[in-house]
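Trainee: Handing over protein16.cif, mmCIF, C-alpha atoms and all ligand atoms; chains and numbers go by the auth columns.
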data_query
#
loop_
_atom_site.group_PDB
_atom_site.id
_atom_site.type_symbol
_atom_site.label_atom_id
_atom_site.label_comp_id
_atom_site.label_asym_id
_atom_site.label_seq_id
_atom_site.Cartn_x
_atom_site.Cartn_y
_atom_site.Cartn_z
_atom_site.B_iso_or_equiv
_atom_site.auth_seq_id
_atom_site.auth_asym_id
ATOM 1 C CA MET A 1 95.568 144.403 125.998 0.00 561 O
ATOM 2 C CA PRO A 2 93.994 147.779 125.144 0.00 562 O
ATOM 3 C CA ALA A 3 91.075 147.704 122.828 0.00 563 O
ATOM 4 C CA VAL A 4 91.909 149.352 119.540 0.00 564 O
ATOM 5 C CA ALA A 5 89.156 150.323 117.201 0.00 565 O
ATOM 6 C CA HIS A 6 89.754 148.346 114.059 0.00 566 O
ATOM 7 C CA ASP A 7 89.183 151.266 111.758 0.00 567 O
ATOM 8 C CA SER A 8 91.877 153.305 113.521 0.00 568 O
ATOM 9 C CA LEU A 9 94.536 150.966 112.137 0.00 569 O
ATOM 10 C CA PRO A 10 96.071 151.559 108.729 0.00 570 O
ATOM 11 C CA PRO A 11 94.467 149.324 106.128 0.00 571 O
ATOM 12 C CA ASP A 12 96.174 146.000 105.596 0.00 572 O
ATOM 13 C CA PRO A 13 97.905 146.427 102.239 0.00 573 O
ATOM 14 C CA PHE A 14 97.505 142.718 101.649 0.00 574 O
ATOM 15 C CA ALA A 15 93.848 142.468 102.602 0.00 575 O
ATOM 16 C CA GLY A 16 92.209 140.076 100.219 0.00 576 O
ATOM 17 C CA ASP A 17 95.477 139.439 98.437 0.00 577 O
ATOM 18 C CA PRO A 18 95.965 135.695 97.838 0.00 578 O
ATOM 19 C CA GLU A 19 99.713 136.250 97.877 0.00 579 O
ATOM 20 C CA ASP A 20 99.707 137.786 101.332 0.00 580 O
ATOM 21 C CA PRO A 21 103.232 137.069 102.660 0.00 581 O
ATOM 22 C CA ALA A 22 101.762 136.228 106.061 0.00 582 O
ATOM 23 C CA LEU A 23 99.888 133.338 104.451 0.00 583 O
ATOM 24 C CA ALA A 24 103.126 132.099 102.891 0.00 584 O
ATOM 25 C CA LEU A 25 104.766 132.106 106.321 0.00 585 O
ATOM 26 C CA GLU A 26 101.895 130.089 107.769 0.00 586 O
ATOM 27 C CA ALA A 27 102.315 127.602 104.961 0.00 587 O
ATOM 28 C CA LEU A 28 105.977 127.177 105.891 0.00 588 O
ATOM 29 C CA ASP A 29 105.013 126.356 109.455 0.00 589 O
ATOM 30 C CA ASP A 30 102.633 123.682 108.268 0.00 590 O
ATOM 31 C CA PRO A 31 104.174 121.814 105.367 0.00 591 O
ATOM 32 C CA ALA A 32 101.615 120.007 103.278 0.00 592 O
ATOM 33 C CA ASP A 33 103.592 116.786 103.335 0.00 593 O
ATOM 34 C CA VAL A 34 103.028 116.175 107.042 0.00 594 O
ATOM 35 C CA ILE A 35 99.257 116.221 106.725 0.00 595 O
ATOM 36 C CA GLU A 36 98.031 112.952 108.153 0.00 596 O
ATOM 37 C CA GLU A 37 94.494 112.025 107.435 0.00 597 O
ATOM 38 C CA PRO A 38 93.010 108.776 108.587 0.00 598 O
ATOM 39 C CA LEU A 39 92.238 106.393 105.779 0.00 599 O
ATOM 40 C CA ASP A 40 88.610 106.047 104.949 0.00 600 O
ATOM 41 C CA ASP A 41 87.059 102.618 104.474 0.00 601 O
ATOM 42 C CA GLU A 42 87.324 102.832 100.714 0.00 602 O
ATOM 43 C CA GLU A 43 91.056 103.571 100.825 0.00 603 O
ATOM 44 C CA ARG A 44 91.578 100.774 103.317 0.00 604 O
ATOM 45 C CA VAL A 45 89.733 98.290 101.110 0.00 605 O
ATOM 46 C CA GLY A 46 91.723 99.490 98.113 0.00 606 O
ATOM 47 C CA LEU A 47 95.014 99.011 99.931 0.00 607 O
ATOM 48 C CA LEU A 48 94.089 95.520 101.052 0.00 608 O
ATOM 49 C CA ALA A 49 93.196 94.682 97.460 0.00 609 O
ATOM 50 C CA ASP A 50 96.525 96.134 96.280 0.00 610 O
ATOM 51 C CA LEU A 51 98.420 94.034 98.812 0.00 611 O
ATOM 52 C CA LYS A 52 96.599 90.924 97.664 0.00 612 O
ATOM 53 C CA ASP A 53 97.293 91.742 94.014 0.00 613 O
ATOM 54 C CA LEU A 54 100.901 92.480 94.802 0.00 614 O
ATOM 55 C CA ALA A 55 101.378 89.031 96.325 0.00 615 O
ATOM 56 C CA VAL A 56 99.948 87.449 93.172 0.00 616 O
ATOM 57 C CA TYR A 57 102.105 89.592 90.884 0.00 617 O
ATOM 58 C CA GLN A 58 105.228 88.782 92.845 0.00 618 O
ATOM 59 C CA ALA A 59 104.437 85.049 92.786 0.00 619 O
ATOM 60 C CA LEU A 60 103.991 85.142 89.010 0.00 620 O
ATOM 61 C CA LEU A 61 106.670 87.621 87.977 0.00 621 O
ATOM 62 C CA ALA A 62 109.525 87.250 90.458 0.00 622 O
ATOM 63 C CA PRO A 63 110.336 83.774 89.034 0.00 623 O
ATOM 64 C CA ARG A 64 110.619 85.472 85.628 0.00 624 O
ATOM 65 C CA GLY A 65 113.423 87.656 86.908 0.00 625 O
ATOM 66 C CA LEU A 66 111.431 90.789 87.629 0.00 626 O
ATOM 67 C CA ARG A 67 112.429 92.640 90.740 0.00 627 O
ATOM 68 C CA GLY A 68 109.446 94.849 91.388 0.00 628 O
ATOM 69 C CA ILE A 69 107.122 97.569 90.217 0.00 629 O
ATOM 70 C CA VAL A 70 107.829 100.982 88.732 0.00 630 O
ATOM 71 C CA VAL A 71 105.398 103.731 89.657 0.00 631 O
ATOM 72 C CA ASP A 72 104.996 107.135 88.030 0.00 632 O
ATOM 73 C CA CYS A 73 105.064 109.468 90.988 0.00 633 O
ATOM 74 C CA PRO A 74 102.801 112.505 90.581 0.00 634 O
ATOM 75 C CA ASP A 75 104.608 114.296 93.432 0.00 635 O
ATOM 76 C CA CYS A 76 108.162 114.028 92.119 0.00 636 O
ATOM 77 C CA ALA A 77 107.292 113.722 88.429 0.00 637 O
ATOM 78 C CA GLU A 78 109.748 110.833 88.487 0.00 638 O
ATOM 79 C CA GLN A 79 109.518 107.105 88.298 0.00 639 O
ATOM 80 C CA HIS A 80 110.016 105.203 91.527 0.00 640 O
ATOM 81 C CA TYR A 81 111.336 101.668 91.419 0.00 641 O
ATOM 82 C CA HIS A 82 110.016 99.515 94.235 0.00 642 O
ATOM 83 C CA ASP A 83 111.261 96.039 94.951 0.00 643 O
ATOM 84 C CA TRP A 84 108.416 93.665 95.742 0.00 644 O
ATOM 85 C CA HIS A 85 109.083 93.585 99.453 0.00 645 O
ATOM 86 C CA LEU A 86 109.624 97.347 99.668 0.00 646 O
ATOM 87 C CA LEU A 87 106.347 98.081 97.938 0.00 647 O
ATOM 88 C CA ARG A 88 104.560 95.663 100.238 0.00 648 O
ATOM 89 C CA ALA A 89 106.150 97.345 103.261 0.00 649 O
ATOM 90 C CA SER A 90 105.076 100.771 101.986 0.00 650 O
ATOM 91 C CA LEU A 91 101.505 99.651 101.407 0.00 651 O
ATOM 92 C CA GLN A 92 101.342 98.005 104.818 0.00 652 O
ATOM 93 C CA GLN A 93 102.671 101.143 106.447 0.00 653 O
ATOM 94 C CA LEU A 94 100.098 103.229 104.621 0.00 654 O
ATOM 95 C CA LEU A 95 97.451 100.863 105.911 0.00 655 O
ATOM 96 C CA GLU A 96 98.671 100.963 109.496 0.00 656 O
ATOM 97 C CA VAL A 97 100.028 104.494 109.874 0.00 657 O
ATOM 98 C CA GLY A 98 98.021 106.306 107.241 0.00 658 O
ATOM 99 C CA ARG A 99 100.962 107.618 105.256 0.00 659 O
ATOM 100 C CA MET A 100 103.645 106.413 102.943 0.00 660 O
ATOM 101 C CA ARG A 101 107.315 106.550 103.696 0.00 661 O
ATOM 102 C CA ALA A 102 109.259 109.457 102.337 0.00 662 O
ATOM 103 C CA HIS A 103 110.045 109.147 98.678 0.00 663 O
ATOM 104 C CA GLU A 104 113.278 107.286 98.416 0.00 664 O
ATOM 105 C CA PRO A 105 115.564 107.874 95.490 0.00 665 O
ATOM 106 C CA ALA A 106 116.008 104.743 93.459 0.00 666 O
ATOM 107 C CA TYR A 107 119.146 102.871 94.297 0.00 667 O
ATOM 108 C CA ASP A 108 120.694 102.358 90.886 0.00 668 O
ATOM 109 C CA PRO A 109 117.795 100.250 89.653 0.00 669 O
ATOM 110 C CA ASP A 110 117.887 98.286 86.453 0.00 670 O
ATOM 111 C CA PRO A 111 114.730 99.504 84.675 0.00 671 O
ATOM 112 C CA ALA A 112 114.477 96.195 82.845 0.00 672 O
ATOM 113 C CA GLY A 113 113.747 94.522 86.172 0.00 673 O
ATOM 114 C CA TYR A 114 110.657 96.570 86.888 0.00 674 O
ATOM 115 C CA VAL A 115 107.225 96.649 85.313 0.00 675 O
ATOM 116 C CA SER A 116 104.207 98.868 85.815 0.00 676 O
ATOM 117 C CA TRP A 117 101.242 97.955 87.946 0.00 677 O
ATOM 118 C CA GLU A 118 99.169 97.863 84.747 0.00 678 O
ATOM 119 C CA TYR A 119 101.575 95.400 83.163 0.00 679 O
ATOM 120 C CA CYS A 120 101.263 93.138 86.201 0.00 680 O
ATOM 121 C CA ARG A 121 97.496 93.292 86.034 0.00 681 O
ATOM 122 C CA GLY A 122 97.424 92.481 82.330 0.00 682 O
ATOM 123 C CA TYR A 123 99.926 89.672 82.722 0.00 683 O
ATOM 124 C CA THR A 124 98.002 88.161 85.599 0.00 684 O
ATOM 125 C CA ASP A 125 94.709 88.400 83.743 0.00 685 O
ATOM 126 C CA ALA A 126 96.280 86.602 80.777 0.00 686 O
ATOM 127 C CA VAL A 127 97.718 83.841 82.984 0.00 687 O
ATOM 128 C CA LEU A 128 94.436 83.355 84.816 0.00 688 O
ATOM 129 C CA ALA A 129 92.546 83.267 81.519 0.00 689 O
ATOM 130 C CA ASP A 130 94.911 80.555 80.237 0.00 690 O
ATOM 131 C CA ASN A 131 94.590 78.475 83.372 0.00 691 O
ATOM 132 C CA GLY A 132 90.865 78.942 83.598 0.00 692 O
ATOM 133 C CA GLY A 133 90.484 77.280 80.216 0.00 693 O
HETATM 134 ZN ZN ZN B . 107.826 110.564 94.584 0.00 701 D
#
Could I get this structure in the form of structure tokens?
Ligand SMILES: [Zn+2]

Mentor:
Amino acid sequence: MPAVAHDSLPPDPFAGDPEDPALALEALDDPADVIEEPLDDEERVGLLADLKDLAVYQALLAPRGLRGIVVDCPDCAEQHYHDWHLLRASLQQLLEVGRMRAHEPAYDPDPAGYVSWEYCRGYTDAVLADNGG
């Protein structure tokens, strides 16, 4: 490859331009949603705690007719309805593989059957407070 003096080339019209189309093309080749970063210890501990909490919530709330947990998804700006076992599977996969499954559209969920993570936490705290006397 012949050496070409850099200053003999025409100036890059997009030099320093954050909207350089070449950068956009690179972004297409490397979609952000396939980034896989290993979990750090803190995330791992948090997931294990979530799994433990989830088991408690399911034990307390499933007998009351609740089917799972609804999560406000910051990526889709939608609410995702997760059945207990699906949420557990997702958390376990995140723990083992380092990423969640693709966002699945809700399958005709009945919103009345799902409560937020915060609701579960509050409910559990109340039950434990009652039992603890
Ligand atoms: Zn989503």

Trainee: If we count only C-alpha atoms, what is near stretch 628-641 of chain O at a cut-off of 12 Å, once residues fewer than 2 positions away on the same chain are taken out, given as a PyMOL selection string?

Mentor: chain O and resi 592-593+614-615+617-626+643-648+662-681

Trainee: Could you tell me which residues the PyMOL selection byres (((chain O and resi 650-659) around 8) and not hetatm) returns for this structure, as an MDAnalysis selection string?

Mentor: chainID O and resid 596:599 604 607:608 610:611 646:649 660:661

Trainee: Emit the selected residues as a PDB file, in the coordinates of the input, including C-alpha atoms.

Mentor:
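Printed below is result.pdb as written:
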ATOM      1  CA  GLU O 596      98.031 112.952 108.153  1.00  0.00           C
ATOM      2  CA  GLU O 597      94.494 112.025 107.435  1.00  0.00           C
ATOM      3  CA  PRO O 598      93.010 108.776 108.587  1.00  0.00           C
ATOM      4  CA  LEU O 599      92.238 106.393 105.779  1.00  0.00           C
ATOM      5  CA  ARG O 604      91.578 100.774 103.317  1.00  0.00           C
ATOM      6  CA  LEU O 607      95.014  99.011  99.931  1.00  0.00           C
ATOM      7  CA  LEU O 608      94.089  95.520 101.052  1.00  0.00           C
ATOM      8  CA  ASP O 610      96.525  96.134  96.280  1.00  0.00           C
ATOM      9  CA  LEU O 611      98.420  94.034  98.812  1.00  0.00           C
ATOM     10  CA  LEU O 646     109.624  97.347  99.668  1.00  0.00           C
ATOM     11  CA  LEU O 647     106.347  98.081  97.938  1.00  0.00           C
ATOM     12  CA  ARG O 648     104.560  95.663 100.238  1.00  0.00           C
ATOM     13  CA  ALA O 649     106.150  97.345 103.261  1.00  0.00           C
ATOM     14  CA  MET O 660     103.645 106.413 102.943  1.00  0.00           C
ATOM     15  CA  ARG O 661     107.315 106.550 103.696  1.00  0.00           C
TER      16      ARG O 661
END

Trainee: To one decimal place in Å, what is the distance between atom CA of O:Asp685 and atom CA of O:Arg627?

Mentor: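 Between these atoms lies a distance of 19.5 Å.
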
Trainee: In terms of the shortest atom-to-atom distance over all atoms listed in the file, which of O:His642, O:Ala609, O:Val616, O:Tyr683 is closest to ligand ZN 701 (chain D)?

Mentor: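 Ranked by minimum distance to ligand ZN 701 (chain D), first place goes to O:His642.
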